>>> print(open('run_6.txt').read())   # compact mmCIF, C-alpha atoms
# COMPACT_ATOMS: atom_id res chain seq x y z
CA MET A 319 -30.09 3.00 20.88
CA ASP A 320 -29.39 0.97 17.74
CA LEU A 321 -31.00 3.23 15.17
CA PHE A 322 -30.27 0.93 12.27
CA GLN A 323 -31.98 -1.99 13.97
CA ALA A 324 -34.97 0.20 14.79
CA LEU A 325 -35.24 1.46 11.21
CA SER A 326 -34.81 -2.02 9.78
CA ASP A 327 -37.81 -3.14 11.86
CA GLU A 328 -36.84 -6.80 11.73
CA GLU A 329 -39.40 -7.55 14.45
CA GLY A 330 -42.26 -5.81 12.59
CA ARG A 331 -43.09 -3.25 15.26
CA LEU A 332 -43.46 -0.21 12.98
CA SER A 333 -46.79 0.88 11.53
CA GLY A 334 -47.33 1.39 7.81
CA LEU A 335 -46.55 5.12 7.92
CA ASP A 336 -43.52 4.56 10.15
CA ARG A 337 -42.20 1.89 7.80
CA ARG A 338 -42.49 4.37 4.94
CA LEU A 339 -40.43 6.93 6.85
CA ALA A 340 -37.90 4.29 7.90
CA ARG A 341 -37.47 3.13 4.30
CA ILE A 342 -36.80 6.68 3.12
CA ALA A 343 -34.26 7.21 5.92
CA LEU A 344 -32.32 4.06 5.04
CA GLU A 345 -32.48 4.53 1.27
CA ASP A 346 -31.55 8.24 1.20
CA VAL A 347 -29.58 9.22 4.29
CA ASP A 348 -28.23 12.40 2.69
CA PHE A 349 -31.72 13.65 1.84
CA VAL A 350 -33.11 13.06 5.33
CA THR A 351 -30.13 14.56 7.19
CA ASN A 352 -30.43 17.74 5.12
CA ALA A 353 -34.24 17.94 4.90
CA SER A 354 -36.64 19.98 6.98
CA ILE A 355 -39.38 18.14 8.80
CA GLY A 356 -41.91 19.51 6.30
CA THR A 357 -39.87 18.34 3.29
CA LEU A 358 -39.55 14.82 4.70
CA ALA A 359 -43.24 14.73 5.61
CA GLU A 360 -44.18 15.80 2.06
CA ARG A 361 -41.97 13.16 0.46
CA ALA A 362 -43.36 10.43 2.72
CA GLY A 363 -46.95 11.63 2.30
CA VAL A 364 -47.46 12.17 6.02
CA SER A 365 -47.89 15.14 8.34
CA PRO A 366 -45.00 16.79 10.26
CA PRO A 367 -46.48 15.64 13.61
CA THR A 368 -46.35 12.07 12.29
CA VAL A 369 -42.63 12.52 11.59
CA THR A 370 -42.10 13.83 15.14
CA ARG A 371 -43.95 10.89 16.68
CA PHE A 372 -41.97 8.49 14.47
CA CYS A 373 -38.68 9.96 15.71
CA ARG A 374 -39.73 9.69 19.35
CA ARG A 375 -40.87 6.10 18.95
CA LEU A 376 -37.35 5.32 17.76
CA GLY A 377 -35.93 6.78 20.97
CA CYS A 378 -34.95 10.21 19.66
CA LYS A 379 -35.95 13.47 21.33
CA GLY A 380 -37.40 14.78 18.10
CA PHE A 381 -36.64 15.29 14.42
CA PRO A 382 -33.40 17.31 14.96
CA ASP A 383 -32.04 14.59 17.26
CA PHE A 384 -33.10 11.92 14.75
CA LYS A 385 -31.08 13.65 12.03
CA VAL A 386 -28.03 13.78 14.29
CA GLN A 387 -28.30 10.06 15.08
CA LEU A 388 -28.83 9.23 11.41
CA ALA A 389 -25.77 11.27 10.45
CA LYS A 390 -23.70 9.33 13.00
CA LEU A 391 -24.96 6.13 11.44
CA ALA A 392 -23.76 7.33 8.03
CA TYR A 393 -20.43 8.43 9.51
CA VAL A 394 -19.68 4.90 10.71
CA GLY A 395 -20.19 3.81 7.12
CA LEU A 396 -23.22 2.91 5.08
CA ARG A 397 -21.52 -0.28 3.94
CA TYR A 398 -22.02 -1.48 7.53
CA VAL A 399 -25.66 -0.44 7.33
CA LYS A 400 -26.47 -1.90 3.92
CA PRO A 401 -23.63 -4.31 3.10
CA ASP A 402 -23.27 -5.53 -0.45
CA VAL A 403 -23.46 -9.33 -0.32
CA PRO A 404 -23.35 -10.61 -3.91
CA ALA A 405 -22.30 -14.14 -2.98
CA GLU A 406 -23.99 -16.63 -0.69
CA THR A 407 -23.57 -20.19 -2.00
CA PRO A 408 -20.21 -21.99 -1.56
CA GLY A 409 -19.54 -21.70 -5.28
CA GLU A 410 -20.32 -17.98 -5.35
CA VAL A 411 -18.25 -17.31 -2.26
CA ALA A 412 -15.29 -19.25 -3.67
CA ARG A 413 -15.40 -17.33 -6.95
CA ASP A 414 -15.80 -14.02 -5.14
CA ILE A 415 -12.82 -14.59 -2.81
CA VAL A 416 -10.54 -15.78 -5.62
CA ALA A 417 -11.57 -12.92 -7.91
CA LYS A 418 -10.94 -10.32 -5.20
CA ALA A 419 -7.54 -11.84 -4.41
CA GLN A 420 -6.58 -11.81 -8.09
CA ASN A 421 -7.76 -8.21 -8.47
CA ALA A 422 -5.84 -7.14 -5.37
CA LEU A 423 -2.63 -8.68 -6.69
CA PHE A 424 -3.10 -7.17 -10.13
CA GLN A 425 -3.85 -3.68 -8.79
CA MET A 426 -0.96 -3.79 -6.35
CA HIS A 427 1.42 -4.85 -9.11
CA SER A 428 0.29 -2.06 -11.42
CA GLN A 429 0.89 0.61 -8.77
CA LEU A 430 4.02 -0.87 -7.17
CA ASP A 431 6.93 1.54 -6.60
CA LEU A 432 9.82 -0.67 -7.73
CA ALA A 433 12.45 1.81 -6.53
CA ALA A 434 10.97 1.77 -3.03
CA LEU A 435 10.81 -2.04 -3.13
CA GLU A 436 14.48 -2.23 -4.14
CA THR A 437 15.56 0.24 -1.44
CA ALA A 438 13.58 -1.62 1.21
CA ALA A 439 15.11 -4.97 0.23
CA ARG A 440 18.61 -3.48 0.29
CA LEU A 441 18.08 -2.04 3.77
CA LEU A 442 16.62 -5.28 5.11
CA GLY A 443 19.34 -7.42 3.60
CA GLY A 444 22.09 -5.19 4.97
CA ALA A 445 20.63 -4.72 8.45
CA ALA A 446 22.45 -6.03 11.49
CA PHE A 447 19.02 -6.41 13.08
CA ILE A 448 15.41 -5.84 11.99
CA GLN A 449 12.60 -4.71 14.29
CA ALA A 450 9.20 -5.33 12.69
CA PHE A 451 6.26 -3.48 14.26
CA GLY A 452 2.60 -4.33 13.75
CA ALA A 453 -0.38 -3.60 15.97
CA SER A 454 -3.17 -6.10 15.65
CA GLY A 455 -5.11 -8.11 13.11
CA ASN A 456 -3.79 -7.82 9.59
CA SER A 457 -0.80 -5.62 10.41
CA ALA A 458 0.34 -8.16 12.99
CA MET A 459 0.04 -10.94 10.41
CA ILE A 460 2.20 -9.01 7.94
CA VAL A 461 5.13 -8.36 10.28
CA ASN A 462 4.94 -11.92 11.58
CA GLU A 463 5.15 -13.15 8.01
CA LEU A 464 8.15 -10.89 7.38
CA HIS A 465 9.81 -12.57 10.36
CA ASN A 466 8.77 -15.98 9.02
CA ARG A 467 10.34 -15.26 5.63
CA LEU A 468 13.55 -13.48 6.63
CA PHE A 469 14.83 -15.64 9.47
CA ARG A 470 15.09 -18.47 6.91
CA LEU A 471 17.50 -16.33 4.92
CA GLY A 472 19.87 -15.71 7.82
CA CYS A 473 18.45 -12.31 8.82
CA ARG A 474 18.28 -11.37 12.48
CA ILE A 475 14.71 -10.17 12.95
CA HIS A 476 12.15 -9.72 15.70
CA ALA A 477 8.42 -9.03 15.23
CA SER A 478 6.34 -7.27 17.88
CA ASN A 479 2.61 -6.48 17.92
CA ASP A 480 2.23 -4.59 21.20
CA HIS A 481 2.27 -0.79 20.99
CA ASN A 482 3.95 -0.26 24.36
CA MET A 483 6.61 -2.85 23.59
CA ASN A 484 7.07 -1.37 20.12
CA ALA A 485 7.72 2.06 21.65
CA MET A 486 10.29 0.66 24.07
CA LEU A 487 12.02 -1.28 21.31
CA ALA A 488 12.06 1.79 19.09
CA ALA A 489 13.60 3.85 21.88
CA ALA A 490 16.29 1.20 22.37
CA VAL A 491 17.36 0.67 18.74
CA GLN A 492 21.08 0.22 18.20
CA PRO A 493 23.20 1.23 15.20
CA GLY A 494 22.63 -1.12 12.29
CA THR A 495 18.96 -1.69 13.14
CA VAL A 496 16.25 -1.23 10.50
CA VAL A 497 12.65 -0.72 11.61
CA PHE A 498 9.80 -2.12 9.52
CA GLY A 499 6.16 -1.20 10.12
CA SER A 500 2.80 -2.35 8.77
CA SER A 501 -0.53 -0.53 8.85
CA PHE A 502 -3.31 -1.16 6.35
CA THR A 503 -5.01 2.19 6.98
CA GLY A 504 -1.90 4.22 7.75
CA ARG A 505 -3.79 5.93 10.54
CA ASP A 506 -2.17 4.34 13.56
CA PRO A 507 -0.80 7.09 15.85
CA ALA A 508 1.05 4.59 18.05
CA LEU A 509 2.97 3.25 15.04
CA VAL A 510 3.69 6.82 13.90
CA HIS A 511 5.21 7.47 17.33
CA CYS A 512 7.39 4.35 17.08
CA LEU A 513 8.63 5.31 13.63
CA GLU A 514 9.48 8.82 14.80
CA LEU A 515 11.35 7.39 17.78
CA ALA A 516 13.32 5.02 15.55
CA ARG A 517 14.26 7.79 13.11
CA ARG A 518 15.28 10.01 16.03
CA HIS A 519 17.74 7.28 17.03
CA GLY A 520 19.09 7.00 13.49
CA ALA A 521 17.33 3.82 12.38
CA PRO A 522 16.07 3.67 8.78
CA THR A 523 12.32 2.99 8.65
CA ILE A 524 10.28 1.06 6.08
CA VAL A 525 6.49 0.73 5.98
CA ILE A 526 3.80 -1.05 4.01
CA THR A 527 0.77 1.20 4.22
CA GLN A 528 -1.54 3.56 2.34
CA SER A 529 0.15 6.42 0.53
CA GLY A 530 -0.37 9.92 1.88
CA SER A 531 -1.20 8.60 5.35
CA PRO A 532 0.36 9.65 8.69
CA VAL A 533 2.28 6.36 8.86
CA ALA A 534 3.64 6.94 5.35
CA ALA A 535 4.72 10.47 6.28
CA ALA A 536 6.64 9.14 9.30
CA ALA A 537 8.75 6.62 7.35
CA ASP A 538 11.86 6.82 5.19
CA VAL A 539 10.75 4.21 2.65
CA VAL A 540 7.10 3.68 1.78
CA ILE A 541 5.78 0.67 -0.13
CA ALA A 542 2.29 1.94 -0.84
CA VAL A 543 -0.67 -0.43 -1.15
CA ASP A 544 -3.81 1.54 -2.05
CA LEU A 545 -6.70 -0.78 -2.82
CA PRO A 546 -10.47 -0.25 -2.67
CA GLU A 547 -12.29 -2.58 -0.29
CA GLY A 548 -15.85 -2.49 -1.63
CA ARG A 549 -19.08 -2.69 0.36
CA ASN A 550 -19.09 -6.33 1.44
CA VAL A 551 -18.04 -6.03 5.09
CA PHE A 552 -18.38 -9.79 5.61
CA ARG A 553 -15.58 -10.63 3.16
CA PRO A 554 -12.06 -10.48 4.66
CA SER A 555 -9.88 -7.71 3.29
CA ALA A 556 -8.34 -8.60 -0.07
CA THR A 557 -5.55 -6.13 0.72
CA ARG A 558 -4.02 -8.95 2.80
CA TYR A 559 -3.07 -10.82 -0.36
CA ALA A 560 -1.37 -7.76 -1.84
CA CYS A 561 0.64 -7.10 1.32
CA LEU A 562 1.68 -10.76 1.60
CA ALA A 563 2.86 -10.64 -2.01
CA VAL A 564 4.99 -7.59 -1.17
CA ILE A 565 6.55 -9.54 1.72
CA ASP A 566 7.36 -12.38 -0.68
CA MET A 567 8.94 -9.91 -3.11
CA LEU A 568 11.10 -8.44 -0.36
CA ALA A 569 12.15 -11.88 0.83
CA ASN A 570 13.04 -12.97 -2.69
CA LEU A 571 15.13 -9.86 -3.30
CA VAL A 572 16.92 -10.29 0.04
CA ALA A 573 17.64 -13.94 -0.80
CA TYR A 574 18.99 -13.14 -4.25
CA ALA A 575 21.21 -10.34 -2.92
CA ASP A 576 23.22 -12.81 -0.78
CA ARG A 577 22.57 -16.28 -2.11
CA SER A 578 25.35 -18.03 -0.21
CA LYS A 579 24.12 -16.71 3.15
CA SER A 580 20.51 -17.56 2.31
CA LEU A 581 21.38 -21.06 1.08
CA LYS A 582 23.41 -21.81 4.19
CA THR A 583 20.47 -21.06 6.47
CA LEU A 584 17.89 -22.73 4.24
CA ARG A 585 20.05 -25.85 4.01
CA ALA A 586 20.46 -26.00 7.81
CA ILE A 587 16.70 -25.73 8.28
CA LYS A 588 15.98 -28.41 5.69
CA GLU A 589 18.57 -30.79 7.13
CA GLU A 590 16.92 -30.49 10.53
CA LEU A 591 13.46 -31.17 9.10
CA VAL A 592 14.62 -34.08 6.90
CA SER A 593 16.49 -35.78 9.74
CA ARG A 594 13.63 -35.48 12.19
CA ARG A 595 10.43 -35.43 10.15
CA ASP A 596 10.53 -35.13 6.36
CA GLY A 597 12.27 -38.07 4.74
CA ASP A 598 11.03 -36.81 1.38
CA ASP A 599 13.18 -33.81 0.36
CA ARG A 600 10.39 -32.57 -1.91
CA GLN A 601 8.27 -31.50 1.08
CA LEU A 602 7.71 -27.81 1.80
CA LEU A 603 10.43 -25.94 3.64
CA GLY A 604 8.78 -25.76 7.05
CA ASP A 605 5.17 -25.30 8.10
>>> encode(input="run_6.txt", output="structure tokens")
Amino acid sequence: MDLFQALSDEEGRLSGLDRRLARIALEDVDFVTNASIGTLAERAGVSPPTVTRFCRRLGCKGFPDFKVQLAKLAYVGLRYVKPDVPAETPGEVARDIVAKAQNALFQMHSQLDLAALETAARLLGGAAFIQAFGASGNSAMIVNELHNRLFRLGCRIHASNDHNMNAMLAAAVQPGTVVFGSSFTGRDPALVHCLELARRHGAPTIVITQSGSPVAAAADVVIAVDLPEGRNVFRPSATRYACLAVIDMLANLVAYADRSKSLKTLRAIKEELVSRRDGDDRQLLGD
């Protein structure tokens, strides 16, 4: 049963009294889940039997079951029930995306732990090998981008986004390996397990994640990114921009720490691209 769809009544199947009850349920979930059947009936201006019939027409066994189902709906998140969509035209969407990206970068910068950033860059730059663990979606993108940035600077790095493979790689870490992890929520038990495995084998661990999370607690160095997401579930997470900026900061610090090594690799890459594809040296360094 999709209770939200039933309450929304997009097909116009509910009667006038039922629509009144449905509107109250959607607009004030907390009130309905804590109300007695008599209290709800009084607020809606209907009789208790009308409330019972309403609940059964929605597919619930009765009012108590309706409250349970409504509470589950709220648990998933009301922003997925009533998403905030302030932008619809191309111009509005463009301004909204750019503004959220700018805000994410500004907020991340204001809360950034510079000591943790410096320690992480030092560990990455001095590592004999780097294992970067993501999971899926955004966290996979972040560790792949770390790989994309650091191999250009002469770092030996491998990115993996499969939990089972991550666990095996963590169990097989060798001396000199640094493990890097990414989790936007910080509530990824499989990544926590990998970090604990790596630490058990003596590998320093670095994470980009939410502070105070299980992933943060499992790591040696935490670069915390704590940003609010808002209610618009259709807009991609602006936290991505903040995490990508952190990756760029780490890459820049690693490059500056050993400029001769970084330049040697960057020059080799550029020579390959110029000789085969980019006659103009002003082109970007790779795709």
>>> residues_around(input="run_6.txt", residues="Ile541 of chain A", least_positions_apart="4", cutoff="7 Å", atoms="all atoms listed in the file", output="PyMOL selection string")
chain A and resi 431+434-435+525-527
>>> atom_distance(input="run_6.txt", atom1="atom CA of Ala535 of chain A", atom2="atom CA of Ala490 of chain A")
21.9 Å
>>> atom_distance(input="run_6.txt", atom1="atom CA of Lys418 of chain A", atom2="atom CA of Leu562 of chain A")
14.3 Å
>>> closest_residue(input="run_6.txt", among="A:Leu591, A:Met426, A:Ala489, A:Ala536", to="Cys561 of chain A", atoms="all atoms listed in the file")
A:Met426
>>> residues_around(input="run_6.txt", residues="Phe322 of chain A", least_positions_apart="4", cutoff="9 Å", atoms="all atoms listed in the file", output="list of chain:residue names")
A:Ser326, A:Asp327, A:Leu344, A:Leu388, A:Leu391, A:Val399
>>> residues_around(input="run_6.txt", residues="segment 470-483 of chain A", least_positions_apart="2", cutoff="7 Å", atoms="all atoms listed in the file", output="list in words")
Ala446, Phe447, Ile448, Gln449, Ala450, Phe451, Gly452, Ala453, Ser454, Ala458, Val461, Asn462, His465, Arg467, Leu468, Ala485, Met486, Leu487, Ala508, Ala573, Lys579, Ser580, Thr583 and Leu584 of chain A
>>> atom_distance(input="run_6.txt", atom1="atom CA of Gly499 of chain A", atom2="atom CA of Ile524 of chain A")
6.2 Å
>>> residues_around(input="run_6.txt", residues="Ala438 of chain A", least_positions_apart="4", cutoff="10 Å", atoms="all atoms listed in the file", output="ChimeraX atom specification")
/A:432-434,442-444,496,498,522-525,538-541,568,571-572
>>> closest_residue(input="run_6.txt", among="A:Leu358, A:Ser501, A:Asp383, A:Asn570", to="Glu436 of chain A", atoms="all atoms listed in the file")
A:Asn570
>>> closest_residue(input="run_6.txt", among="A:Arg558, A:Arg553, A:Arg374, A:Arg338", to="Ser500 of chain A", atoms="only C-alpha atoms")
A:Arg558
>>> closest_residue(input="run_6.txt", among="A:Pro507, A:Ala445, A:Arg361, A:Ala537", to="Pro493 of chain A", atoms="only C-alpha atoms")
A:Ala445
>>> residues_around(input="run_6.txt", residues="Ser529 of chain A", least_positions_apart="5", cutoff="8 Å", atoms="all atoms listed in the file", output="PyMOL selection string")
chain A and resi 504+534+540+542-544
>>> closest_residue(input="run_6.txt", among="A:Val411, A:Ile460, A:Ala516, A:Ala560", to="Gly494 of chain A", atoms="all atoms listed in the file")
A:Ala516
>>> closest_residue(input="run_6.txt", among="A:Val497, A:Leu335, A:Phe384, A:Ala586", to="Gly363 of chain A", atoms="only C-alpha atoms")
A:Leu335
